[in-house]
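Here's final-v4.pdb, which has PDB, C-alpha atoms:
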```pdb
MODEL        1
ATOM      1  CA  MET A   1      -5.680  -4.954 -19.112
ATOM      2  CA  ASN A   2      -8.615  -2.938 -20.361
ATOM      3  CA  ASN A   3     -11.408  -2.932 -17.729
ATOM      4  CA  ALA A   4     -14.401  -3.070 -20.020
ATOM      5  CA  PRO A   5     -17.819  -2.855 -18.299
ATOM      6  CA  GLN A   6     -19.293  -6.277 -17.618
ATOM      7  CA  LEU A   7     -22.784  -7.685 -17.246
ATOM      8  CA  ASN A   8     -23.187 -11.176 -15.808
ATOM      9  CA  ASP A   9     -19.567 -11.917 -16.765
ATOM     10  CA  HIS A  10     -20.227 -11.053 -20.411
ATOM     11  CA  PRO A  11     -19.074  -7.881 -22.211
ATOM     12  CA  VAL A  12     -21.842  -5.339 -22.659
ATOM     13  CA  LEU A  13     -22.842  -3.579 -25.838
ATOM     14  CA  ALA A  14     -19.860  -1.940 -27.490
ATOM     15  CA  HIS A  15     -21.956   0.356 -29.695
ATOM     16  CA  GLN A  16     -25.656   1.025 -29.812
ATOM     17  CA  PRO A  17     -27.626   3.585 -31.788
ATOM     18  CA  ASP A  18     -29.649   6.185 -29.887
ATOM     19  CA  GLY A  19     -32.938   4.880 -28.632
ATOM     20  CA  GLY A  20     -31.672   1.392 -27.899
ATOM     21  CA  GLY A  21     -32.728  -0.750 -24.980
ATOM     22  CA  PRO A  22     -30.955  -1.319 -21.645
ATOM     23  CA  ALA A  23     -27.196  -1.797 -21.697
ATOM     24  CA  GLY A  24     -26.311  -5.231 -22.982
ATOM     25  CA  HIS A  25     -29.748  -5.753 -24.531
ATOM     26  CA  PRO A  26     -30.156  -4.237 -28.024
ATOM     27  CA  ALA A  27     -33.528  -2.818 -28.970
ATOM     28  CA  ARG A  28     -35.453  -5.084 -31.324
ATOM     29  CA  ARG A  29     -36.165  -3.868 -34.829
ATOM     30  CA  SER A  30     -39.741  -4.015 -36.043
ATOM     31  CA  THR A  31     -38.646  -6.788 -38.404
ATOM     32  CA  ALA A  32     -37.062  -8.880 -35.648
ATOM     33  CA  PRO A  33     -39.118 -11.915 -34.627
ATOM     34  CA  SER A  34     -40.810 -11.440 -31.269
ATOM     35  CA  PRO A  35     -40.871 -14.342 -28.828
ATOM     36  CA  HIS A  36     -44.187 -16.164 -28.440
ATOM     37  CA  PRO A  37     -44.948 -18.498 -25.526
ATOM     38  CA  LEU A  38     -45.817 -22.074 -26.375
ATOM     39  CA  ARG A  39     -49.575 -22.390 -25.992
ATOM     40  CA  ARG A  40     -50.412 -25.830 -27.319
ATOM     41  CA  ALA A  41     -48.809 -29.228 -27.053
ATOM     42  CA  GLU A  42     -48.166 -29.275 -30.784
ATOM     43  CA  ASP A  43     -46.421 -25.877 -30.756
ATOM     44  CA  ARG A  44     -42.719 -25.968 -31.514
ATOM     45  CA  PRO A  45     -40.003 -23.427 -30.777
ATOM     46  CA  PRO A  46     -38.728 -21.474 -33.799
ATOM     47  CA  PRO A  47     -35.974 -23.198 -35.777
ATOM     48  CA  ARG A  48     -32.449 -22.284 -34.728
ATOM     49  CA  ALA A  49     -30.332 -20.103 -36.959
ATOM     50  CA  THR A  50     -27.902 -21.900 -39.244
ATOM     51  CA  VAL A  51     -24.175 -21.157 -39.039
ATOM     52  CA  SER A  52     -21.545 -21.015 -41.804
ATOM     53  CA  LEU A  53     -17.861 -21.066 -40.858
ATOM     54  CA  VAL A  54     -15.451 -19.427 -43.326
ATOM     55  CA  VAL A  55     -11.793 -20.439 -42.997
ATOM     56  CA  PRO A  56      -9.231 -18.900 -45.391
ATOM     57  CA  ALA A  57      -6.173 -21.147 -45.726
ATOM     58  CA  ARG A  58      -2.905 -21.088 -47.617
ATOM     59  CA  ASN A  59      -0.390 -23.860 -46.976
ATOM     60  CA  GLU A  60      -1.984 -24.874 -43.675
ATOM     61  CA  ALA A  61      -1.956 -28.670 -44.151
ATOM     62  CA  ARG A  62      -0.280 -29.206 -40.777
ATOM     63  CA  ASN A  63      -2.714 -26.947 -38.911
ATOM     64  CA  ILE A  64      -6.090 -27.510 -40.553
ATOM     65  CA  PRO A  65      -6.746 -30.950 -38.964
ATOM     66  CA  TRP A  66      -6.659 -29.463 -35.462
ATOM     67  CA  VAL A  67      -9.111 -26.747 -36.513
ATOM     68  CA  LEU A  68     -11.594 -28.991 -38.307
ATOM     69  CA  GLU A  69     -11.596 -31.697 -35.639
ATOM     70  CA  GLN A  70     -12.804 -29.197 -33.006
ATOM     71  CA  ILE A  71     -15.684 -27.576 -34.860
ATOM     72  CA  PRO A  72     -18.777 -27.573 -32.597
ATOM     73  CA  ASP A  73     -22.165 -29.009 -33.499
ATOM     74  CA  CYS A  74     -23.740 -25.556 -33.935
ATOM     75  CA  VAL A  75     -21.815 -25.104 -37.216
ATOM     76  CA  ASP A  76     -23.848 -26.302 -40.211
ATOM     77  CA  GLU A  77     -21.345 -25.789 -43.023
ATOM     78  CA  VAL A  78     -17.602 -25.249 -43.215
ATOM     79  CA  ILE A  79     -16.177 -23.336 -46.175
ATOM     80  CA  LEU A  80     -12.440 -23.650 -46.708
ATOM     81  CA  VAL A  81     -11.158 -20.940 -49.039
ATOM     82  CA  ASP A  82      -7.877 -22.096 -50.512
ATOM     83  CA  GLY A  83      -5.288 -19.497 -51.443
ATOM     84  CA  ASP A  84      -3.552 -21.568 -54.119
ATOM     85  CA  SER A  85      -1.819 -23.795 -51.580
ATOM     86  CA  SER A  86       1.248 -25.696 -52.714
ATOM     87  CA  ASP A  87       0.925 -28.264 -49.923
ATOM     88  CA  ALA A  88      -1.844 -30.762 -49.062
ATOM     89  CA  THR A  89      -4.187 -28.240 -47.409
ATOM     90  CA  VAL A  90      -7.236 -29.133 -49.522
ATOM     91  CA  PRO A  91      -6.937 -32.955 -49.505
ATOM     92  CA  MET A  92      -6.097 -32.848 -45.791
ATOM     93  CA  ALA A  93      -9.216 -30.806 -45.080
ATOM     94  CA  THR A  94     -11.378 -33.213 -47.069
ATOM     95  CA  HIS A  95      -9.840 -36.173 -45.274
ATOM     96  CA  CYS A  96     -10.526 -34.657 -41.833
ATOM     97  CA  LEU A  97     -14.010 -33.341 -42.677
ATOM     98  CA  PRO A  98     -15.587 -34.951 -45.784
ATOM     99  CA  THR A  99     -18.431 -32.402 -45.768
ATOM    100  CA  VAL A 100     -16.112 -29.393 -46.020
ATOM    101  CA  ARG A 101     -16.779 -27.116 -49.015
ATOM    102  CA  ASN A 102     -13.512 -26.272 -50.756
ATOM    103  CA  ILE A 103     -13.515 -23.135 -52.911
ATOM    104  CA  GLN A 104     -10.782 -21.060 -54.529
ATOM    105  CA  GLN A 105     -10.293 -17.348 -53.995
ATOM    106  CA  SER A 106     -10.251 -15.128 -57.069
ATOM    107  CA  GLY A 107      -7.165 -13.083 -56.203
ATOM    108  CA  PRO A 108      -4.444 -12.604 -53.596
ATOM    109  CA  GLY A 109      -4.963 -11.590 -49.983
ATOM    110  CA  LYS A 110      -6.831 -12.728 -46.901
ATOM    111  CA  GLY A 111      -9.630 -10.227 -47.506
ATOM    112  CA  ASN A 112     -10.183 -11.579 -50.993
ATOM    113  CA  ALA A 113     -10.438 -15.100 -49.557
ATOM    114  CA  GLN A 114     -12.913 -14.018 -46.905
ATOM    115  CA  ARG A 115     -15.160 -12.329 -49.455
ATOM    116  CA  ALA A 116     -15.194 -15.492 -51.540
ATOM    117  CA  GLY A 117     -16.247 -17.426 -48.454
ATOM    118  CA  PHE A 118     -18.943 -14.915 -47.559
ATOM    119  CA  ARG A 119     -20.443 -15.130 -51.050
ATOM    120  CA  ALA A 120     -20.503 -18.924 -50.846
ATOM    121  CA  ALA A 121     -22.036 -19.060 -47.341
ATOM    122  CA  THR A 122     -25.668 -20.109 -46.965
ATOM    123  CA  GLY A 123     -26.120 -19.882 -43.177
ATOM    124  CA  ASP A 124     -28.069 -17.239 -41.271
ATOM    125  CA  TYR A 125     -24.871 -16.418 -39.386
ATOM    126  CA  VAL A 126     -21.333 -16.282 -40.753
ATOM    127  CA  VAL A 127     -18.299 -16.878 -38.552
ATOM    128  CA  MET A 128     -14.793 -16.174 -39.817
ATOM    129  CA  MET A 129     -11.626 -17.489 -38.232
ATOM    130  CA  ASP A 130      -8.048 -18.375 -39.142
ATOM    131  CA  ALA A 131      -6.733 -21.786 -40.190
ATOM    132  CA  ASP A 132      -3.462 -21.684 -38.251
ATOM    133  CA  GLY A 133      -4.819 -22.937 -34.918
ATOM    134  CA  SER A 134      -4.541 -19.562 -33.174
ATOM    135  CA  MET A 135      -8.332 -19.350 -32.704
ATOM    136  CA  SER A 136     -10.303 -22.062 -30.956
ATOM    137  CA  PRO A 137     -13.444 -23.344 -32.719
ATOM    138  CA  GLY A 138     -14.752 -24.171 -29.242
ATOM    139  CA  GLU A 139     -15.465 -20.462 -28.762
ATOM    140  CA  ILE A 140     -17.907 -20.297 -31.684
ATOM    141  CA  PRO A 141     -21.041 -21.049 -29.561
ATOM    142  CA  HIS A 142     -20.254 -17.924 -27.532
ATOM    143  CA  TYR A 143     -20.428 -15.785 -30.682
ATOM    144  CA  VAL A 144     -23.624 -17.513 -31.808
ATOM    145  CA  HIS A 145     -25.206 -16.900 -28.393
ATOM    146  CA  PHE A 146     -24.904 -13.138 -28.777
ATOM    147  CA  LEU A 147     -26.207 -13.201 -32.347
ATOM    148  CA  ASP A 148     -29.171 -15.237 -31.100
ATOM    149  CA  ASN A 149     -29.814 -12.542 -28.509
ATOM    150  CA  GLY A 150     -30.125  -9.612 -30.872
ATOM    151  CA  PHE A 151     -26.656  -8.451 -31.820
ATOM    152  CA  ASP A 152     -25.720  -8.061 -35.469
ATOM    153  CA  LEU A 153     -21.928  -8.367 -35.314
ATOM    154  CA  VAL A 154     -19.870 -10.082 -32.611
ATOM    155  CA  LYS A 155     -16.105  -9.707 -32.492
ATOM    156  CA  GLY A 156     -13.537 -11.428 -30.359
ATOM    157  CA  SER A 157     -11.359  -9.458 -27.962
ATOM    158  CA  ARG A 158      -8.107 -10.577 -26.408
ATOM    159  CA  PHE A 159      -8.097  -7.654 -23.990
ATOM    160  CA  ILE A 160     -11.235  -8.027 -21.883
ATOM    161  CA  ALA A 161     -11.796 -10.281 -18.878
ATOM    162  CA  GLY A 162     -11.703 -13.891 -19.990
ATOM    163  CA  GLY A 163      -9.638 -13.161 -23.095
ATOM    164  CA  GLY A 164      -5.907 -13.140 -23.666
ATOM    165  CA  SER A 165      -3.091 -13.903 -26.063
ATOM    166  CA  LEU A 166      -0.315 -16.467 -25.911
ATOM    167  CA  ASP A 167       1.080 -15.292 -29.224
ATOM    168  CA  ILE A 168       1.126 -11.489 -29.553
ATOM    169  CA  THR A 169       4.522  -9.788 -29.438
ATOM    170  CA  PRO A 170       5.122  -6.513 -27.546
ATOM    171  CA  PHE A 171       5.575  -4.701 -30.873
ATOM    172  CA  ARG A 172       2.289  -6.006 -32.301
ATOM    173  CA  GLN A 173       0.489  -5.236 -29.041
ATOM    174  CA  LEU A 174       1.763  -1.641 -29.130
ATOM    175  CA  GLY A 175       0.639  -1.292 -32.727
ATOM    176  CA  ASN A 176      -2.799  -2.668 -31.894
ATOM    177  CA  ARG A 177      -3.168  -0.179 -29.023
ATOM    178  CA  VAL A 178      -2.239   2.782 -31.216
ATOM    179  CA  LEU A 179      -4.618   1.731 -34.006
ATOM    180  CA  LEU A 180      -7.382   0.956 -31.505
ATOM    181  CA  ALA A 181      -7.064   4.365 -29.843
ATOM    182  CA  ALA A 182      -7.277   6.069 -33.236
ATOM    183  CA  PHE A 183     -10.301   3.967 -34.217
ATOM    184  CA  ASN A 184     -12.186   4.682 -30.976
ATOM    185  CA  GLN A 185     -11.448   8.404 -31.268
ATOM    186  CA  LEU A 186     -12.549   8.649 -34.895
ATOM    187  CA  TYR A 187     -15.653   6.477 -34.563
ATOM    188  CA  GLY A 188     -16.745   7.463 -31.046
ATOM    189  CA  THR A 189     -16.806   3.935 -29.649
ATOM    190  CA  ASN A 190     -15.063   1.979 -26.899
ATOM    191  CA  LEU A 191     -13.847  -1.254 -28.435
ATOM    192  CA  THR A 192     -11.046  -3.106 -26.663
ATOM    193  CA  ASP A 193      -9.422  -4.939 -29.606
ATOM    194  CA  LEU A 194      -9.087  -4.081 -33.285
ATOM    195  CA  CYS A 195      -6.586  -6.252 -35.144
ATOM    196  CA  TYR A 196      -8.132  -9.647 -34.434
ATOM    197  CA  GLY A 197     -10.019 -11.585 -37.083
ATOM    198  CA  PHE A 198     -12.318 -13.861 -35.054
ATOM    199  CA  LEU A 199     -15.697 -12.376 -35.927
ATOM    200  CA  ALA A 200     -19.326 -13.357 -36.579
ATOM    201  CA  PHE A 201     -22.230 -11.510 -38.167
ATOM    202  CA  ARG A 202     -25.709 -11.898 -39.587
ATOM    203  CA  ARG A 203     -25.395 -12.777 -43.253
ATOM    204  CA  SER A 204     -28.441 -10.619 -44.050
ATOM    205  CA  PHE A 205     -26.275  -7.569 -43.296
ATOM    206  CA  LEU A 206     -23.401  -8.517 -45.615
ATOM    207  CA  ASP A 207     -24.311  -5.746 -48.077
ATOM    208  CA  LEU A 208     -24.135  -3.167 -45.278
ATOM    209  CA  LEU A 209     -20.802  -4.512 -44.049
ATOM    210  CA  ASP A 210     -19.619  -4.153 -47.666
ATOM    211  CA  PRO A 211     -16.182  -5.798 -47.351
ATOM    212  CA  ARG A 212     -13.874  -4.670 -50.160
ATOM    213  CA  ALA A 213     -10.315  -4.732 -48.822
ATOM    214  CA  ASP A 214      -7.964  -7.484 -49.923
ATOM    215  CA  GLY A 215      -5.709  -7.723 -46.868
ATOM    216  CA  PHE A 216      -5.817  -8.005 -43.075
ATOM    217  CA  GLU A 217      -7.433  -4.557 -42.892
ATOM    218  CA  MET A 218     -10.783  -5.973 -43.986
ATOM    219  CA  GLU A 219     -11.887  -6.582 -40.362
ATOM    220  CA  THR A 220     -11.359  -2.863 -39.643
ATOM    221  CA  GLU A 221     -13.282  -1.940 -42.777
ATOM    222  CA  MET A 222     -16.218  -4.149 -41.791
ATOM    223  CA  LEU A 223     -16.312  -2.659 -38.283
ATOM    224  CA  ALA A 224     -16.279   0.875 -39.701
ATOM    225  CA  HIS A 225     -19.175   0.067 -42.029
ATOM    226  CA  ALA A 226     -21.113  -1.667 -39.239
ATOM    227  CA  LEU A 227     -20.791   1.384 -37.001
ATOM    228  CA  LYS A 228     -21.814   3.793 -39.747
ATOM    229  CA  ALA A 229     -24.827   1.583 -40.542
ATOM    230  CA  GLY A 230     -25.947   1.549 -36.902
ATOM    231  CA  LEU A 231     -25.602  -2.201 -36.457
ATOM    232  CA  ARG A 232     -25.581  -3.636 -32.946
ATOM    233  CA  ILE A 233     -22.055  -4.713 -32.012
ATOM    234  CA  THR A 234     -20.573  -6.443 -28.996
ATOM    235  CA  GLU A 235     -17.252  -8.035 -28.049
ATOM    236  CA  VAL A 236     -16.710 -11.448 -26.481
ATOM    237  CA  PRO A 237     -13.548 -12.674 -24.750
ATOM    238  CA  SER A 238     -11.244 -14.809 -26.873
ATOM    239  CA  LEU A 239      -7.953 -16.514 -26.139
ATOM    240  CA  GLU A 240      -5.434 -16.242 -28.967
ATOM    241  CA  LEU A 241      -3.247 -19.343 -29.103
ATOM    242  CA  PRO A 242       0.186 -19.645 -30.705
ATOM    243  CA  ARG A 243       0.201 -20.678 -34.362
ATOM    244  CA  ARG A 244       0.538 -24.451 -34.245
ATOM    245  CA  SER A 245       2.999 -24.800 -37.122
ATOM    246  CA  GLY A 246       4.722 -22.648 -39.730
ATOM    247  CA  SER A 247       5.161 -18.902 -39.924
ATOM    248  CA  SER A 248       2.534 -16.187 -39.942
ATOM    249  CA  ASN A 249       1.508 -14.354 -43.115
ATOM    250  CA  LEU A 250       1.069 -11.159 -41.077
ATOM    251  CA  HIS A 251       3.514  -8.300 -41.741
ATOM    252  CA  ALA A 252       3.144  -5.964 -38.789
ATOM    253  CA  ILE A 253       4.360  -2.704 -40.358
ATOM    254  CA  SER A 254       2.838  -2.966 -43.840
ATOM    255  CA  ASP A 255      -0.438  -4.478 -42.619
ATOM    256  CA  GLY A 256      -0.638  -1.928 -39.799
ATOM    257  CA  SER A 257      -0.217   0.866 -42.343
ATOM    258  CA  ARG A 258      -3.099  -0.542 -44.391
ATOM    259  CA  VAL A 259      -5.284  -0.680 -41.290
ATOM    260  CA  LEU A 260      -4.411   2.940 -40.456
ATOM    261  CA  HIS A 261      -5.261   4.042 -43.995
ATOM    262  CA  THR A 262      -8.569   2.177 -43.822
ATOM    263  CA  LEU A 263      -9.745   3.621 -40.514
ATOM    264  CA  PHE A 264      -9.068   7.181 -41.755
ATOM    265  CA  SER A 265     -10.531   6.709 -45.231
ATOM    266  CA  GLU A 266     -13.684   5.043 -43.862
ATOM    267  CA  ARG A 267     -14.265   7.456 -40.963
ATOM    268  CA  PRO A 268     -17.674   9.200 -40.760
ATOM    269  CA  GLY A 269     -17.887  12.084 -43.210
ATOM    270  CA  ALA A 270     -14.927  10.935 -45.296
ATOM    271  CA  GLN A 271     -15.203   9.790 -48.886
ATOM    272  CA  SER A 272     -13.626   6.347 -49.183
ATOM    273  CA  THR A 273     -10.374   6.280 -51.115
ATOM    274  CA  HIS A 274      -9.754   2.571 -50.682
ATOM    275  CA  PRO A 275      -8.149   1.221 -53.845
ATOM    276  CA  GLY A 276     -10.499  -1.761 -53.863
ATOM    277  CA  ARG A 277     -13.654   0.300 -53.532
ATOM    278  CA  ASN A 278     -14.569   0.092 -57.185
ATOM    279  CA  SER A 279     -13.285  -3.427 -57.778
ATOM    280  CA  GLU A 280     -15.355  -6.541 -58.356
TER
ENDMDL
END
```

Transcribe the structure of this file into structure tokens.
Amino acid sequence: MNNAPQLNDHPVLAHQPDGGGPAGHPARRSTAPSPHPLRRAEDRPPPRATVSLVVPARNEARNIPWVLEQIPDCVDEVILVDGDSSDATVPMATHCLPTVRNIQQSGPGKGNAQRAGFRAATGDYVVMMDADGSMSPGEIPHYVHFLDNGFDLVKGSRFIAGGGSLDITPFRQLGNRVLLAAFNQLYGTNLTDLCYGFLAFRRSFLDLLDPRADGFEMETEMLAHALKAGLRITEVPSLELPRRSGSSNLHAISDGSRVLHTLFSERPGAQSTHPGRNSE
């Protein structure tokens, strides 16, 4: 297991631009709100940030109830992005959570679905997770906590203390390690997990994250853009659960190849050659 440095049982800053604050505490930007003590009885604390949850789903009618029934109170809106499901995914989601916002993606691929969800989101923070039950909604407050405390992008890691996977195969784990090592070498960082899509970010930085990919490689693309933009990133432990029902849409070799292409084409100093760069 990767022994990532820890601070009070939480992972410390994974990447921080020069001139930042102490480890684990990102330096505040001049535009960041500074805390003010309450001075009068009528003073009120600042309003909490709102949270949008984006859940791409395609034929997940048997899994989506478990996901929606566990969404914590800190989530203000849930956006289900349907990938032209042939089963009862959409009516099942509406039955389980009448307030869910159902939207259609404009083209094929998980990345395309996520972009549609990001564009529809209205919250200050955006959380993205899968609909197959492999990611626990109960972990979302942990991601929100780190966004509340100054980080710009928070990603889940299965390979730091407190995280784990009950689903990953030895072949997929080997592939993740190879891709992660290449990513850390090219981008000069020390992340502990790469191919895991449980992630949260400040919606105000969506233009900087600039997601364009259509497949599973979009998480890698967003991380590369976040690092190049100097955003403040940290990892939090996450437990990956087995898919509750059905088979995965992940294709280890082809999707791994797309991730590899993305991390090289997006590396610092390289001109992006991603086929989706000029789309939309």

What is the atom CA of A:Asn112 to atom CA of A:Ala213 distance in Å?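 According to the coordinates, atom CA of A:Asn112 and atom CA of A:Ala213 are separated by 7.2 Å.
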
Specify as an mmCIF file with C-alpha atoms, in the frame of the given file each residue included when the PyMOL selection byres ((chain A and resi 240-242) around 6) is applied to this file.
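Output contents, as saved in out.cif:
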```cif
data_model
loop_
_atom_site.group_PDB
_atom_site.id
_atom_site.type_symbol
_atom_site.label_atom_id
_atom_site.label_comp_id
_atom_site.auth_asym_id
_atom_site.auth_seq_id
_atom_site.Cartn_x
_atom_site.Cartn_y
_atom_site.Cartn_z
ATOM 1 C CA SER A 134 -4.541 -19.562 -33.174
ATOM 2 C CA MET A 135 -8.332 -19.350 -32.704
ATOM 3 C CA SER A 165 -3.091 -13.903 -26.063
ATOM 4 C CA LEU A 166 -0.315 -16.467 -25.911
ATOM 5 C CA ASP A 167 1.080 -15.292 -29.224
ATOM 6 C CA LEU A 239 -7.953 -16.514 -26.139
ATOM 7 C CA ARG A 243 0.201 -20.678 -34.362
ATOM 8 C CA ARG A 244 0.538 -24.451 -34.245
#
```

Skip A:Phe198 itself and residues of its chain fewer than 2 positions away, then list as a list in words all residues within 7 Å of it, counting only C-alpha atoms.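 Within the cut-off, the hits are Met128, Met129, Lys155, Gly156 and Tyr196 of chain A.
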
Please report the interatomic distance between atom CA of A:Ala229 and atom CA of A:Arg158 in Å with one decimal.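 Distance between the two atoms: 25.0 Å.
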
Residue by residue, what does the PyMOL selection byres ((chain A and resi 132) around 9) grab here? Present the result as a VMD selection string. chain A and resid 57 60 62 to 64 66 to 67 130 to 131 133 to 135 242 to 246 248

Convert the current residue selection to file output with C-alpha atoms, as a PDB file, in the coordinates of the input.
```pdb
ATOM      1  CA  ALA A  57      -6.173 -21.147 -45.726  1.00  0.00           C
ATOM      2  CA  GLU A  60      -1.984 -24.874 -43.675  1.00  0.00           C
ATOM      3  CA  ARG A  62      -0.280 -29.206 -40.777  1.00  0.00           C
ATOM      4  CA  ASN A  63      -2.714 -26.947 -38.911  1.00  0.00           C
ATOM      5  CA  ILE A  64      -6.090 -27.510 -40.553  1.00  0.00           C
ATOM      6  CA  TRP A  66      -6.659 -29.463 -35.462  1.00  0.00           C
ATOM      7  CA  VAL A  67      -9.111 -26.747 -36.513  1.00  0.00           C
ATOM      8  CA  ASP A 130      -8.048 -18.375 -39.142  1.00  0.00           C
ATOM      9  CA  ALA A 131      -6.733 -21.786 -40.190  1.00  0.00           C
ATOM     10  CA  GLY A 133      -4.819 -22.937 -34.918  1.00  0.00           C
ATOM     11  CA  SER A 134      -4.541 -19.562 -33.174  1.00  0.00           C
ATOM     12  CA  MET A 135      -8.332 -19.350 -32.704  1.00  0.00           C
ATOM     13  CA  PRO A 242       0.186 -19.645 -30.705  1.00  0.00           C
ATOM     14  CA  ARG A 243       0.201 -20.678 -34.362  1.00  0.00           C
ATOM     15  CA  ARG A 244       0.538 -24.451 -34.245  1.00  0.00           C
ATOM     16  CA  SER A 245       2.999 -24.800 -37.122  1.00  0.00           C
ATOM     17  CA  GLY A 246       4.722 -22.648 -39.730  1.00  0.00           C
ATOM     18  CA  SER A 248       2.534 -16.187 -39.942  1.00  0.00           C
TER      19      SER A 248
END
```

Nearest to A:Asn190 by atom-to-atom distance, counting all atoms listed in the file, from A:Ile233, A:Asp152, A:Pro211, A:Glu139: A:Ile233

Using all atoms listed in the file, which of A:Gln185, A:Thr89, A:Ser136, A:Gln114 sits nearest A:Val54?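 Comparing A:Gln185, A:Thr89, A:Ser136, A:Gln114 against A:Val54, the winner is A:Gln114.
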
Let me have the centre and edge lengths in Å, one decimal, of the box along x, y and z around every listed atom of stretch 159-169 of chain A with 5 Å of margin on each side, as AutoDock Vina command-line options.
```
--center_x -3.6 --center_y -12.1 --center_z -24.2 --size_x 26.3 --size_y 18.8 --size_z 20.7
```

Shell around stretch 191-194 of chain A at 7 Å using all atoms listed in the file, local window under 6 positions removed, as a tab-separated table (two decimals) with C-alpha atoms, in the coordinates of the input:
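Printed below is selection_4.tsv as written:
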```
chain	number	residue	atom	x	y	z
A	2	ASN	CA	-8.62	-2.94	-20.36
A	14	ALA	CA	-19.86	-1.94	-27.49
A	157	SER	CA	-11.36	-9.46	-27.96
A	158	ARG	CA	-8.11	-10.58	-26.41
A	159	PHE	CA	-8.10	-7.65	-23.99
A	160	ILE	CA	-11.24	-8.03	-21.88
A	176	ASN	CA	-2.80	-2.67	-31.89
A	180	LEU	CA	-7.38	0.96	-31.50
A	184	ASN	CA	-12.19	4.68	-30.98
A	220	THR	CA	-11.36	-2.86	-39.64
```

Distance atom CA of A:Arg115-atom CA of A:Thr189, one decimal place?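 Separation between atom CA of A:Arg115 and atom CA of A:Thr189: 25.7 Å.
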